[in-house]
Structure formats: structure tokens, C-alpha cells
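Colleague: Just run.txt, nothing more (compact mmCIF, C-alpha atoms):
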```txt
# COMPACT_ATOMS: atom_id res chain seq x y z
CA MET A 1 23.47 150.02 141.68
CA ASN A 2 22.42 147.26 144.10
CA PHE A 3 23.15 144.00 142.29
CA ILE A 4 20.62 141.85 144.20
CA GLU A 5 17.81 144.38 143.73
CA GLU A 6 18.70 144.61 140.05
CA VAL A 7 18.52 140.88 139.37
CA LYS A 8 15.38 140.53 141.48
CA TRP A 9 13.26 142.94 139.44
CA ARG A 10 14.66 141.46 136.27
CA GLY A 11 13.38 138.01 137.30
CA MET A 12 16.91 136.59 137.35
CA LEU A 13 17.01 135.41 140.96
CA HIS A 14 15.99 131.86 141.87
CA ASN A 15 17.92 130.97 145.00
CA ILE A 16 20.38 132.85 147.17
CA MET A 17 22.44 131.83 150.17
CA PRO A 18 21.84 133.90 153.34
CA GLY A 19 24.43 136.65 153.76
CA THR A 20 25.04 137.15 150.04
CA GLU A 21 23.50 140.61 149.91
CA GLU A 22 25.52 141.74 152.92
CA ILE A 23 28.84 140.59 151.46
CA LEU A 24 28.14 142.57 148.28
CA LYS A 25 28.17 145.79 150.30
CA GLU A 26 31.95 145.39 150.25
CA LYS A 27 33.80 147.06 147.39
CA ASN A 28 34.83 145.08 144.29
CA VAL A 29 33.78 141.57 145.35
CA ALA A 30 34.64 138.84 142.83
CA ALA A 31 32.02 136.35 141.61
CA TYR A 32 32.34 133.63 139.03
CA VAL A 33 30.28 131.69 136.55
CA GLY A 34 31.45 128.46 134.97
CA ILE A 35 31.18 128.08 131.20
CA ASP A 36 31.10 124.73 129.49
CA PRO A 37 33.66 124.70 126.62
CA THR A 38 32.02 121.89 124.62
CA ALA A 39 31.64 124.17 121.55
CA ASP A 40 33.60 127.06 120.05
CA SER A 41 30.65 129.37 120.58
CA LEU A 42 28.23 130.32 123.29
CA HIS A 43 24.54 129.90 122.54
CA ILE A 44 21.68 131.92 123.95
CA GLY A 45 21.20 129.36 126.73
CA HIS A 46 24.46 130.73 128.19
CA LEU A 47 23.26 134.31 128.14
CA VAL A 48 21.46 134.37 131.50
CA SER A 49 24.71 133.61 133.33
CA VAL A 50 26.66 136.00 131.10
CA MET A 51 24.12 138.76 131.82
CA LEU A 52 24.47 138.03 135.55
CA LEU A 53 28.19 138.74 135.16
CA LYS A 54 27.45 141.89 133.14
CA HIS A 55 25.12 143.30 135.81
CA PHE A 56 27.65 142.28 138.47
CA GLN A 57 30.34 144.35 136.75
CA ARG A 58 27.92 147.26 136.27
CA ALA A 59 27.37 147.16 140.05
CA GLY A 60 31.10 147.79 140.57
CA HIS A 61 32.20 144.21 141.24
CA ARG A 62 34.62 141.89 139.43
CA PRO A 63 33.11 139.27 137.11
CA VAL A 64 35.07 136.06 136.58
CA ALA A 65 34.25 133.61 133.80
CA VAL A 66 35.78 130.18 134.26
CA ILE A 67 36.15 127.95 131.23
CA GLY A 68 35.72 124.35 132.34
CA GLY A 69 38.82 122.97 130.66
CA ALA A 70 39.17 120.29 133.35
CA THR A 71 35.48 119.77 134.12
CA GLY A 72 34.77 119.78 130.38
CA MET A 73 36.99 116.72 130.17
CA ILE A 74 34.72 115.00 132.70
CA GLY A 75 31.12 116.00 132.02
CA ASP A 76 28.54 117.43 134.41
CA PRO A 77 25.71 114.99 135.29
CA SER A 78 23.32 117.86 136.13
CA GLY A 79 20.28 117.67 133.88
CA LYS A 80 21.88 114.99 131.72
CA SER A 81 20.64 111.45 131.14
CA GLU A 82 23.86 110.07 129.72
CA GLU A 83 27.58 110.73 129.78
CA ARG A 84 28.86 113.06 127.11
CA ASN A 85 31.92 112.89 124.89
CA LEU A 86 35.13 114.07 126.52
CA LEU A 87 37.14 116.89 124.95
CA THR A 88 40.80 117.06 123.97
CA LEU A 89 43.08 119.83 125.25
CA ASP A 90 43.50 121.32 121.78
CA THR A 91 39.72 121.48 121.30
CA ILE A 92 39.23 123.14 124.68
CA LYS A 93 41.95 125.73 123.95
CA HIS A 94 40.37 126.57 120.58
CA ASN A 95 36.91 126.84 122.16
CA GLN A 96 38.21 129.07 124.97
CA GLU A 97 39.72 131.56 122.52
CA ALA A 98 36.46 131.76 120.56
CA ILE A 99 34.35 132.18 123.72
CA LYS A 100 36.65 134.97 125.00
CA LYS A 101 35.92 137.04 121.87
CA GLN A 102 32.20 136.65 122.48
CA LEU A 103 32.43 137.51 126.17
CA GLU A 104 34.24 140.74 125.29
CA LYS A 105 30.96 142.00 123.84
CA PHE A 106 29.38 141.77 127.29
CA LEU A 107 32.22 142.26 129.77
CA ASP A 108 35.05 144.77 130.07
CA PHE A 109 38.44 143.05 130.22
CA SER A 110 40.42 146.34 130.01
CA GLU A 111 43.60 146.28 132.07
CA ASP A 112 43.01 149.81 133.36
CA LYS A 113 39.55 149.00 134.72
CA GLU A 114 39.54 148.57 138.49
CA ASN A 115 36.98 145.75 138.35
CA LYS A 116 38.11 144.30 135.03
CA ALA A 117 36.64 140.96 134.04
CA LEU A 118 38.77 137.82 134.23
CA LEU A 119 38.67 134.74 132.02
CA LEU A 120 40.28 131.69 133.60
CA ASN A 121 40.52 127.99 132.75
CA ASN A 122 40.21 125.46 135.55
CA TYR A 123 42.58 123.11 133.69
CA ASP A 124 45.39 125.51 134.66
CA TRP A 125 45.12 124.52 138.33
CA MET A 126 43.44 121.11 138.17
CA SER A 127 46.16 119.72 135.86
CA LYS A 128 48.73 120.26 138.61
CA PHE A 129 47.02 117.67 140.83
CA SER A 130 47.87 114.00 140.74
CA PHE A 131 44.91 111.71 141.34
CA LEU A 132 46.31 110.59 144.69
CA ASP A 133 46.96 114.15 145.84
CA PHE A 134 43.43 115.20 144.93
CA ILE A 135 41.62 112.38 146.72
CA ARG A 136 43.91 112.79 149.76
CA ASP A 137 43.94 116.59 150.05
CA VAL A 138 40.45 117.43 148.78
CA GLY A 139 38.32 114.29 148.59
CA LYS A 140 38.62 113.48 152.30
CA HIS A 141 36.79 116.70 153.21
CA ILE A 142 33.50 115.79 151.49
CA THR A 143 31.63 112.61 152.35
CA VAL A 144 29.99 110.29 149.83
CA ASN A 145 26.76 110.73 151.80
CA TYR A 146 26.93 114.48 151.13
CA MET A 147 27.61 113.98 147.43
CA ILE A 148 24.86 111.45 146.72
CA ALA A 149 22.29 113.65 148.48
CA LYS A 150 22.55 116.11 145.58
CA ASP A 151 19.56 116.02 143.22
CA SER A 152 21.72 115.79 140.09
CA VAL A 153 23.38 112.65 141.42
CA LYS A 154 20.23 111.08 142.89
CA LYS A 155 18.34 111.37 139.61
CA ARG A 156 21.05 109.59 137.66
CA MET A 157 21.52 106.91 140.32
CA ASN A 158 17.78 106.27 140.55
CA ALA A 159 17.66 105.92 136.78
CA SER A 160 20.25 103.14 136.84
CA GLY A 161 17.45 100.58 137.13
CA ASP A 162 16.19 101.66 133.72
CA LYS A 163 17.65 99.35 131.08
CA ASP A 164 18.00 102.33 128.70
CA ALA A 165 19.83 104.49 131.24
CA GLU A 166 23.60 104.42 131.55
CA GLY A 167 23.73 105.15 135.25
CA LEU A 168 26.43 107.41 136.68
CA SER A 169 30.14 106.82 136.11
CA PHE A 170 32.73 107.56 138.80
CA THR A 171 34.08 110.25 136.45
CA GLU A 172 30.79 112.14 136.48
CA PHE A 173 30.27 111.46 140.18
CA SER A 174 33.52 113.30 140.88
CA TYR A 175 32.37 116.36 138.90
CA GLN A 176 30.89 118.26 141.84
CA LEU A 177 34.09 117.74 143.83
CA VAL A 178 36.21 119.15 141.00
CA GLN A 179 33.85 122.13 140.57
CA GLY A 180 33.85 122.59 144.33
CA TYR A 181 37.64 122.82 144.28
CA ASP A 182 37.40 125.48 141.55
CA PHE A 183 35.49 127.66 143.98
CA LEU A 184 38.05 127.02 146.71
CA HIS A 185 40.93 127.88 144.36
CA LEU A 186 39.25 131.11 143.22
CA TYR A 187 38.44 132.00 146.83
CA LYS A 188 42.13 131.69 147.76
CA GLU A 189 43.73 133.17 144.65
CA HIS A 190 41.21 135.83 143.55
CA ASN A 191 39.22 136.55 146.74
CA CYS A 192 36.16 135.16 144.92
CA LYS A 193 33.35 134.90 147.47
CA LEU A 194 30.36 134.17 145.23
CA GLN A 195 29.51 131.62 142.57
CA MET A 196 26.53 132.14 140.26
CA GLY A 197 24.80 129.90 137.74
CA GLY A 198 21.55 128.30 136.66
CA SER A 199 19.24 126.75 139.23
CA ASP A 200 20.36 123.27 138.15
CA GLN A 201 23.85 124.14 139.45
CA TRP A 202 22.82 124.77 143.07
CA GLY A 203 24.13 121.39 144.24
CA ASN A 204 27.53 121.83 142.60
CA ILE A 205 27.86 125.41 143.84
CA THR A 206 27.01 124.59 147.45
CA THR A 207 29.58 121.77 147.40
CA GLY A 208 32.12 124.53 146.76
CA THR A 209 30.89 126.64 149.66
CA GLU A 210 31.04 123.56 151.91
CA LEU A 211 34.59 122.75 150.80
CA ILE A 212 35.69 126.33 151.55
CA ARG A 213 34.09 126.09 155.00
CA ARG A 214 35.73 122.75 155.83
CA MET A 215 39.19 123.31 154.33
CA LEU A 216 39.71 127.04 154.90
CA GLN A 217 37.14 127.84 157.59
CA GLY A 218 35.99 130.50 155.12
CA LYS A 219 32.57 131.77 154.17
CA ALA A 220 31.47 131.70 150.54
CA TYR A 221 28.11 132.29 148.91
CA ALA A 222 25.84 131.03 146.15
CA LEU A 223 23.27 132.63 143.84
CA THR A 224 21.30 130.97 141.06
CA SER A 225 18.96 132.18 138.35
CA PRO A 226 15.86 130.35 137.13
CA LEU A 227 16.11 128.20 134.05
CA ILE A 228 14.39 130.13 131.28
CA THR A 229 11.29 128.59 129.75
CA LYS A 230 8.92 129.90 127.12
CA SER A 231 5.33 130.78 128.03
CA ASP A 232 4.10 127.77 126.05
CA GLY A 233 6.27 125.48 128.18
CA LYS A 234 8.71 124.69 125.38
CA LYS A 235 12.46 124.86 125.91
CA PHE A 236 13.99 128.29 125.48
CA GLY A 237 16.71 128.89 122.92
CA LYS A 238 16.10 125.96 120.59
CA THR A 239 14.60 125.87 117.12
CA GLU A 240 14.01 123.06 114.67
CA LYS A 241 17.61 123.59 113.57
CA GLY A 242 18.92 123.33 117.13
CA ASN A 243 20.68 125.94 119.29
CA ILE A 244 20.71 129.65 118.54
CA TRP A 245 24.44 130.39 118.57
CA LEU A 246 26.28 133.68 119.02
CA ASP A 247 28.75 132.73 116.28
CA PRO A 248 27.44 134.26 113.01
CA GLU A 249 28.77 131.26 111.08
CA LYS A 250 26.60 128.89 113.12
CA THR A 251 23.54 131.14 113.37
CA SER A 252 23.43 134.07 110.97
CA PRO A 253 22.60 137.53 112.40
CA TYR A 254 19.37 137.35 110.37
CA GLU A 255 18.34 134.04 112.00
CA PHE A 256 19.43 135.42 115.38
CA TYR A 257 17.31 138.54 114.88
CA GLN A 258 14.36 136.45 113.71
CA PHE A 259 14.44 134.34 116.87
CA TRP A 260 13.90 137.42 119.05
CA ILE A 261 11.48 139.25 116.74
CA ASN A 262 9.21 136.18 116.71
CA THR A 263 8.96 136.07 120.51
CA GLY A 264 5.44 136.06 122.02
CA ASP A 265 4.20 139.11 123.95
CA ASP A 266 4.54 137.57 127.42
CA ASP A 267 8.02 136.26 126.69
CA ALA A 268 9.16 139.53 125.10
CA GLU A 269 8.53 141.46 128.31
CA LYS A 270 10.38 138.83 130.34
CA TYR A 271 13.30 138.63 127.89
CA LEU A 272 13.71 142.42 127.79
CA LYS A 273 14.41 142.31 131.52
CA ILE A 274 16.80 139.37 131.31
CA PHE A 275 18.72 139.91 128.08
CA THR A 276 19.10 143.70 127.87
CA ILE A 277 20.42 146.43 130.16
CA LEU A 278 17.41 148.69 129.58
CA ASN A 279 16.36 150.12 132.94
CA LYS A 280 13.07 149.56 134.74
CA ASP A 281 11.43 152.80 133.56
CA GLU A 282 12.40 152.17 129.93
CA ILE A 283 10.95 148.67 129.98
CA GLU A 284 7.76 149.73 131.78
CA ASN A 285 7.22 152.48 129.19
CA LEU A 286 7.75 150.00 126.35
CA VAL A 287 5.25 147.59 127.91
CA LYS A 288 2.71 150.41 128.26
CA GLU A 289 3.17 151.44 124.61
CA HIS A 290 2.89 147.83 123.49
CA LYS A 291 -0.39 147.29 125.35
CA GLU A 292 -1.86 150.35 123.64
CA ALA A 293 -0.92 149.03 120.18
CA PRO A 294 0.15 145.37 120.37
CA HIS A 295 0.06 144.98 116.57
CA THR A 296 3.14 147.23 116.32
CA ARG A 297 5.16 144.59 118.24
CA ILE A 298 7.25 147.30 119.87
CA LEU A 299 8.50 144.92 122.59
CA GLN A 300 9.76 142.37 120.10
CA LYS A 301 11.40 145.02 117.91
CA LYS A 302 13.24 146.59 120.84
CA LEU A 303 14.29 143.20 122.22
CA ALA A 304 15.62 142.06 118.83
CA GLU A 305 17.43 145.38 118.32
CA GLU A 306 19.10 145.49 121.74
CA ILE A 307 20.41 141.95 121.75
CA THR A 308 21.33 141.72 118.05
CA VAL A 309 23.34 144.96 118.29
CA MET A 310 25.03 143.72 121.48
CA VAL A 311 26.06 140.40 119.93
CA HIS A 312 26.57 141.22 116.25
CA GLY A 313 26.83 145.02 115.99
CA LYS A 314 24.71 147.75 114.40
CA THR A 315 25.58 146.92 110.78
CA ALA A 316 24.53 143.28 111.12
CA TYR A 317 21.33 144.40 112.87
CA ASP A 318 20.50 146.81 110.04
CA THR A 319 21.05 144.02 107.49
CA ALA A 320 18.76 141.71 109.45
CA VAL A 321 16.01 144.36 109.52
CA THR A 322 16.42 144.92 105.79
CA ALA A 323 16.23 141.18 105.15
CA SER A 324 13.02 140.97 107.19
CA GLN A 325 11.47 143.83 105.23
CA ILE A 326 12.31 142.05 101.98
CA LEU A 327 10.65 138.85 103.09
CA PHE A 328 7.43 140.72 103.88
CA GLY A 329 7.41 142.59 100.58
CA LYS A 330 8.58 145.95 101.92
CA GLY A 331 12.12 145.89 100.56
CA THR A 332 13.65 147.28 97.38
CA LYS A 333 15.89 145.85 94.69
CA GLU A 334 18.76 147.93 96.08
CA GLN A 335 18.25 146.38 99.54
CA LEU A 336 18.10 142.93 97.99
CA GLU A 337 21.49 143.52 96.38
CA THR A 338 23.06 144.42 99.73
CA LEU A 339 22.44 140.96 101.22
CA ASP A 340 25.38 138.59 101.45
CA GLU A 341 24.74 135.12 100.07
CA LYS A 342 24.22 133.45 103.47
CA THR A 343 21.65 136.03 104.55
CA PHE A 344 19.96 135.83 101.14
CA ASN A 345 19.63 132.05 101.52
CA ASP A 346 18.41 132.39 105.10
CA VAL A 347 15.72 134.86 104.05
CA PHE A 348 14.43 132.64 101.26
CA GLU A 349 14.83 129.30 103.02
CA GLY A 350 11.83 127.10 102.27
CA VAL A 351 10.91 129.13 99.17
CA PRO A 352 10.73 127.07 95.93
CA HIS A 353 14.06 127.20 94.08
CA PHE A 354 14.49 126.47 90.35
CA THR A 355 17.77 126.18 88.47
CA VAL A 356 18.52 127.33 84.91
CA LYS A 357 21.69 127.58 82.86
CA LYS A 358 23.25 131.02 83.17
CA GLU A 359 23.77 131.31 79.40
CA ILE A 360 19.98 131.26 78.89
CA ILE A 361 19.62 134.39 81.04
CA GLU A 362 22.67 136.07 79.48
CA LYS A 363 21.15 135.65 75.98
CA GLY A 364 17.84 137.01 77.21
CA ILE A 365 14.54 135.19 77.51
CA ASN A 366 10.90 136.26 77.81
CA ILE A 367 9.15 135.97 81.15
CA PHE A 368 6.63 133.41 79.85
CA ASP A 369 9.20 130.87 78.69
CA LEU A 370 11.34 131.37 81.81
CA THR A 371 8.58 130.90 84.37
CA ALA A 372 6.12 128.55 82.66
CA GLU A 373 8.29 126.34 80.41
CA ILE A 374 11.95 126.19 81.48
CA THR A 375 10.92 126.37 85.15
CA PRO A 376 7.52 125.50 86.65
CA VAL A 377 7.23 128.72 88.67
CA PHE A 378 3.74 129.13 87.18
CA LYS A 379 1.37 126.54 85.74
CA SER A 380 0.89 128.30 82.40
CA LYS A 381 1.81 131.33 80.33
CA GLY A 382 -1.78 132.46 80.71
CA GLU A 383 -1.32 132.66 84.48
CA VAL A 384 1.80 134.79 83.95
CA ARG A 385 -0.10 137.09 81.56
CA ARG A 386 -2.95 137.57 84.05
CA LEU A 387 -0.50 138.37 86.87
CA ILE A 388 1.24 141.02 84.77
CA LYS A 389 -2.08 142.54 83.75
CA ASP A 390 -3.27 142.64 87.39
CA LYS A 391 0.08 144.10 88.54
CA GLY A 392 0.62 141.04 90.70
CA LEU A 393 4.06 139.99 89.43
CA SER A 394 7.32 141.39 90.81
CA ILE A 395 10.88 140.64 89.73
CA ASN A 396 13.54 141.45 92.35
CA MET A 397 11.04 143.48 94.43
CA GLU A 398 9.99 145.64 91.45
CA LYS A 399 6.62 145.41 89.66
CA PHE A 400 6.98 143.69 86.28
CA LEU A 401 4.52 145.47 83.98
CA ASN A 402 5.89 145.01 80.47
CA PRO A 403 5.29 141.48 79.06
CA ASP A 404 7.68 142.24 76.17
CA GLU A 405 10.63 143.06 78.44
CA PRO A 406 13.26 140.27 78.21
CA ILE A 407 14.79 138.79 81.36
CA ASN A 408 18.56 139.07 81.04
CA LYS A 409 21.79 139.53 82.97
CA LYS A 410 20.71 142.88 84.45
CA HIS A 411 18.01 141.00 86.38
CA LEU A 412 20.53 138.81 88.24
CA ILE A 413 21.01 139.57 91.93
CA ASN A 414 24.64 138.99 92.92
CA ASP A 415 25.14 137.66 89.38
CA LYS A 416 23.23 134.52 90.35
CA TYR A 417 19.62 134.90 91.56
CA ILE A 418 16.27 136.15 90.30
CA VAL A 419 13.57 136.72 92.93
CA ILE A 420 10.03 136.30 91.66
CA ARG A 421 7.09 137.37 93.80
CA GLN A 422 3.45 136.60 93.16
CA GLY A 423 1.18 138.96 95.07
CA LYS A 424 2.59 140.15 98.40
CA LYS A 425 4.33 137.15 99.93
CA LYS A 426 4.51 134.18 97.56
CA TYR A 427 8.11 133.87 96.41
CA SER A 428 10.12 131.72 94.04
CA ILE A 429 13.84 131.88 93.38
CA ILE A 430 15.54 131.16 90.08
CA ILE A 431 19.20 130.22 90.45
CA THR A 432 21.64 130.36 87.54
CA GLU A 433 24.57 128.03 87.24
```
Could you spell out this file's structure in C-alpha cells?
Modeller:
Amino acid sequence: MNFIEEVKWRGMLHNIMPGTEEILKEKNVAAYVGIDPTADSLHIGHLVSVMLLKHFQRAGHRPVAVIGGATGMIGDPSGKSEERNLLTLDTIKHNQEAIKKQLEKFLDFSEDKENKALLLNNYDWMSKFSFLDFIRDVGKHITVNYMIAKDSVKKRMNASGDKDAEGLSFTEFSYQLVQGYDFLHLYKEHNCKLQMGGSDQWGNITTGTELIRRMLQGKAYALTSPLITKSDGKKFGKTEKGNIWLDPEKTSPYEFYQFWINTGDDDAEKYLKIFTILNKDEIENLVKEHKEAPHTRILQKKLAEEITVMVHGKTAYDTAVTASQILFGKGTKEQLETLDEKTFNDVFEGVPHFTVKKEIIEKGINIFDLTAEITPVFKSKGEVRRLIKDKGLSINMEKFLNPDEPINKKHLINDKYIVIRQGKKKYSIIITE
């Protein structure tokens, strides 16, 4: 597999330094991507760089992920308008351990693999420098003129005239020099000849290649991918709730699945290339099938399946599909009972919820009193009667046809909930406490 050709057709190549393709003809070249450890989980904004590493390993080379333990204590000015909070060592260590577990779903860290992936932390080598040693041994090789010519620095410096802008601290200004030294260290210690990242990292990456040239008379290379945007121009990877995380505690597998299944047609084709390892023929066939019957949403379904299984596993994917079927009236009571409480609440988020005392349900109560008096699910008992007569009322995904049947403990899902559906999609939830 030719790595450059692979990322080109996938739309993952933005900029590349001359000579990069030639160097990759060598066997088992190492390349690295830096990962910001500001949280104990990756989010889908990280996935482009992670997928670059995955394809790199598939092409027979060694992927290196570098946790920015040192740079995370500084803060990268690229794309930022203000300085961020600095992290403690304990926080960074915790975040690194959590990120490693997530990376293992994409990269092979097996000791017996010739091109096994590496996870390193730049704090391990940067912490050995004193400030004086660093500015003497490293800082003298890069001029201030060179550093302020970078777009990420210029933007922040030009904004300093804005009364609402914070300008650029010396700490942040030094960021590209620290990242540049990372590249030099990896070049020396791990024969790492390539750094990859998002297009906003080009300035930082090329500072590393320049440092290697000046200090070691070596030749290193850079490759960046485009920043992913949605076809409507909105930022990729964010929802009203914020980031879509890989950690199931931060973003449930159901929410994760829903993000991908709700992708537009144009974006789905693009995302299949970027976020899966499906080959060119497979994707082209899917696109052809989709164009013949777009209402089946085959692209979105395959995209959601591939990436949800990769991140959360087949069982979590199956649960997410079941949960989606329930929401659209295609599920069963048995499927409803399989949902864990978090997924249940995610599925019915935004649906009207009403609370009743559990003892009322345990004693048994008729449907009219429960839904038209104790709770205002319906406006009147007459409305309930008409729904039953017209076969338009469902309790826990099953048609409720007998007005004399009492609602009791057997109707509780997970010993707590009753799901009421009017028609096909209008839900209400009764919660017992």
C-alpha cells in the first residue's frame, strides 16, 4: 500500500513537503502525530490524525503518537484567541493512560509487531532541560524573525490591538520551539523522519524540520491534512452539547452512533473515506447504491456502523441500532428492556417526562386516571378512549387495546419507566419514584 496515494484519494492530504513520498519508499519509516492531553478522552476532532497514523501503520511504517505532556503545560496558540488553562502533571498522566486505551482500538502496540505503534510523552525529555540549557542549546538555532513569521503567531500578535484580545504570552510564543525540539528528539532517538497533523499545525511542524536541518544537518519532512468542515460550513464534530467524545461516559455509544447516522449525503461520502478503512471499490459501490436509492441512507448506515464498531465494539453498535429503532417506533418491548439507563435516557431526551409515586403503579391503576388525571400526558379521558379505540395508543412499544386492563408493576421497564406512545412517534415517559 502506498501511503501517500492512499491519503490522497481519501481527501486527507492538504500539504506535503517535497521529498516525503520518496522517503516513504524506505522500509518501516517512523512518523508522529502530537496529541493534546487536555482531556482524558479523544474526541472525533482528533480522529483525522489518528486515522493518518492507522493508514501509516497499514502501509508498513511505524506510527508514533506523542502526548503533549510538556506542550500541554504551555498551550498552543494555533487557532486559539486566548491562552488556555495549564495542566498539572497528575492530570496529564491520568489523561495519557485514558488516551492510550482509546488509541489501542486504532493502532497495534503489540511487542511482536515489527512496526508496532509507540506512545510517548514529550514531558519525559523536555523535563530534563533547564530553562538556561534550552535557550542556549536550542533557542539560539531559531531566530525570532523566523518564529513571528508563522501565521499562528502573527494572528495573535496582530490581535493584540483589540482591547478584548489577550495578545500572545512568551509561554505560548515558545510553543513552536518546544514542539520543534520534539521532532528533533524523535528524529535522533526513534529515526522519526516525518511529522503529520492538521493544516493549522504546518508552522509548528516546519519549525521542527528547520531545527533538525540546523542542529543535525538532517532532513525531515512534513505532511498535513485538511481541517474537516461540514458541507453547510459549520464546524465538524460539535453538537449543541459540545464535543463528540470517544469515551462512552462522556458521549454514549447511542449519541455517537446518532452523530454519524444523521450526516448529510455529501458529508457521508467524504467521512467514509476519512474515518473508515473501507477500500476505494467498496466506497464507490456504496455511493452508487446510495444514488440509486438515497432514501435508504446506505452511506450513513455504513459510516455509523464502521466507526461505532471501531470505537465502541459490535455489542454497543447493536444496542445503538436497537435504540434508534425504538425511537422511530420499530422496536419491541423486549428491545426496550435491553437498554441500559443511560441509553434509555439518551433515546428519550427531550420527550415529556412525568413522575408518579411507585406505590400507585404497584397497586394498579387504570390508564385513564394515570394519563389524564395523575399525569397530564393527555388532555382528557375522552382523548385516551378515542386513542385506544383507533389503535393509536401503545404502552412500552405494544398496542394498548383493552381499556379495562390495569397498569401495574408488570408494565415497568427496568422497574422504573413506562413508555407511552401516541401514534407513531409522539412519546411520553412516566417515571416512578
Colleague: Would you work out the distance separating CA of Leu336 in chain A from CA of Asp318 in chain A, expressed in Å to one decimal?
Modeller: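 Taking CA of Leu336 in chain A as the start and CA of Asp318 in chain A as the end point, the length is 12.9 Å.
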Colleague: Just give me the residues with any atom within 6 Å of (17.6, 126.0, 133.1), file coordinates, counting all atoms listed in the file, written as JSON, numbers by chain.
Modeller: {"A": [198, 227, 228]}
Colleague: Need the shell around range 12-17 of chain A: protein/DNA/RNA residues with any atom at most 7 Å away, counting all atoms listed in the file. Skip same-chain ones fewer than 6 positions apart. Format as a list in words?
Modeller: Ser199, Tyr221, Ala222, Leu223, Thr224, Ser225, Pro226 and Ile274 of chain A
Colleague: Just to be explicit: take each residue in the selection above, keep C-alpha atoms, and write the result as a PDB file, keeping the file's coordinate frame.
Modeller:
```pdb
ATOM      1  CA  SER A 199      19.240 126.750 139.230  1.00  0.00           C
ATOM      2  CA  TYR A 221      28.110 132.290 148.910  1.00  0.00           C
ATOM      3  CA  ALA A 222      25.840 131.030 146.150  1.00  0.00           C
ATOM      4  CA  LEU A 223      23.270 132.630 143.840  1.00  0.00           C
ATOM      5  CA  THR A 224      21.300 130.970 141.060  1.00  0.00           C
ATOM      6  CA  SER A 225      18.960 132.180 138.350  1.00  0.00           C
ATOM      7  CA  PRO A 226      15.860 130.350 137.130  1.00  0.00           C
ATOM      8  CA  ILE A 274      16.800 139.370 131.310  1.00  0.00           C
TER       9      ILE A 274
END
```
Colleague: Just give me the residues with any atom within 9 Å of (36.2, 116.6, 141.3), file coordinates, counting only C-alpha atoms, written as a list in words.
Modeller: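 Output: Thr71, Ile74, Phe134, Ile135, Val138, Gly139, Thr171, Glu172, Phe173, Ser174, Tyr175, Gln176, Leu177, Val178, Gln179, Gly180, Tyr181 and Asp182 of chain A.
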Colleague: What lies within 10 Å of Gly218 in chain A using all atoms listed in the file, ignoring chain neighbours under 5 positions off, as an MDAnalysis selection string?
Modeller: chainID A and resid 184 187:188 193 209:213
Colleague: One number please: CA of Leu118 in chain A to CA of Ala70 in chain A, in Å, one decimal.
Modeller: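 For CA of Leu118 in chain A relative to CA of Ala70 in chain A, the distance reads 17.6 Å.
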Colleague: Might you pull out every residue within 8 Å of range 56-66 of chain A, with all atoms listed in the file counted and same-chain residues fewer than 5 positions away left off, and present them as number ranges by chain?
Modeller: A: 1-3, 27-35, 107, 115-122
Colleague: Excluding range 241-256 of chain A and its own-chain neighbours fewer than 2 positions away, which residues fall within 9 Å of it when counting all atoms listed in the file? Please give them as a ChimeraX atom specification.
Modeller: /A:40-45,98,102,237-239,258-261,304,308,311-312,316-317,319-321,323-324,342-343,346-347
Colleague: May I have the residues within 12 Å of Thr91 in chain A as a list in words, using only C-alpha atoms and disregarding those fewer than 5 positions away in the same chain?
Modeller: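 The filter keeps Pro37, Thr38, Ala39, Asp40, Gly69, Gly72, Met73, Leu86, Gln96, Glu97 and Ala98 of chain A.
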